[in-house]
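So the structure is just underneath, and the comments pick up after that.
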Amino acid sequence: QLQLVESGGGLVQPGGSLRLSCAASGFTLDSYSIGWFRQAPGKEREGVSCITRNGNSRNDASSVQGRFIISRDKIKNTVYLQLNSLKPEDTAVYSCAAVVTAYIQGCSLYWRDYNIWGQGTQVTVST
């Protein structure tokens, strides 16, 4: 069974940091582009950051550029999202997703391009 499991969410004060993890089980991530998405109550799902299968290309939403960093660890079969300088508007459920692809020039921030999803982890930024 192909499964993604997110962890690392929580409550943090504005300006704080968190590191989210997306661990794969039942398959290896080597052939997959990975994206991180978030959805706040009453809002549409938003693409946050993605990384190609070889890790050489990344794409970030303008709202998180310079604050969030996506990376992947081949040995641990895990993708990370480092969240820095968090703002209250970053509050959302964060989910990772995967899609098998041979394309390495770039990755998509459109959620419909992904077909394996984790259950999500809550990030709350508040005083």
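Scheme for the structure tokens: letters A, B, ... for chains in order shown; per-chain residue numbers from 1; ligand numbers from 1 in order shown.
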
Non-local contacts of Leu83 in chain A (6 Å; only C-alpha atoms; under 2 positions in same chain excluded) as a count of residues only: 4

Neighbour list for range 89-102 of chain A as a PyMOL selection string, cut-off 8 Å, only C-alpha atoms, skip fewer than 3 positions in-chain: chain A and resi 4+6+22+31-41+53+86+113-125

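Of the residues listed (A:Lys74, A:Ser126, A:Gly66, A:Leu109), A:Ser126 shows the shortest atom-to-atom separation from Lys87 in chain A; distances use only C-alpha atoms.
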
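Closest to Ile104 in chain A among A:Leu20, A:Thr52, A:Thr28, A:Gly42 is A:Thr52, based on only C-alpha atoms.
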
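In this structure, CA of Ser25 in chain A sits 9.5 Å away from CA of Thr78 in chain A.
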
Range 43-113 of chain A: residues DSSP assigns to helix (DSSP H, G or I), reported as a count of residues only: 6

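Going from CA of Trp111 in chain A over to CA of Gly8 in chain A, you cover 21.2 Å.
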
DSSP strand (DSSP E or B) residues within chain A, listed as a PyMOL selection string: chain A and resi 3-7+10-12+18-25+32-39+46-51+58-60+68-73+78-83+92-100+116-117+121-125
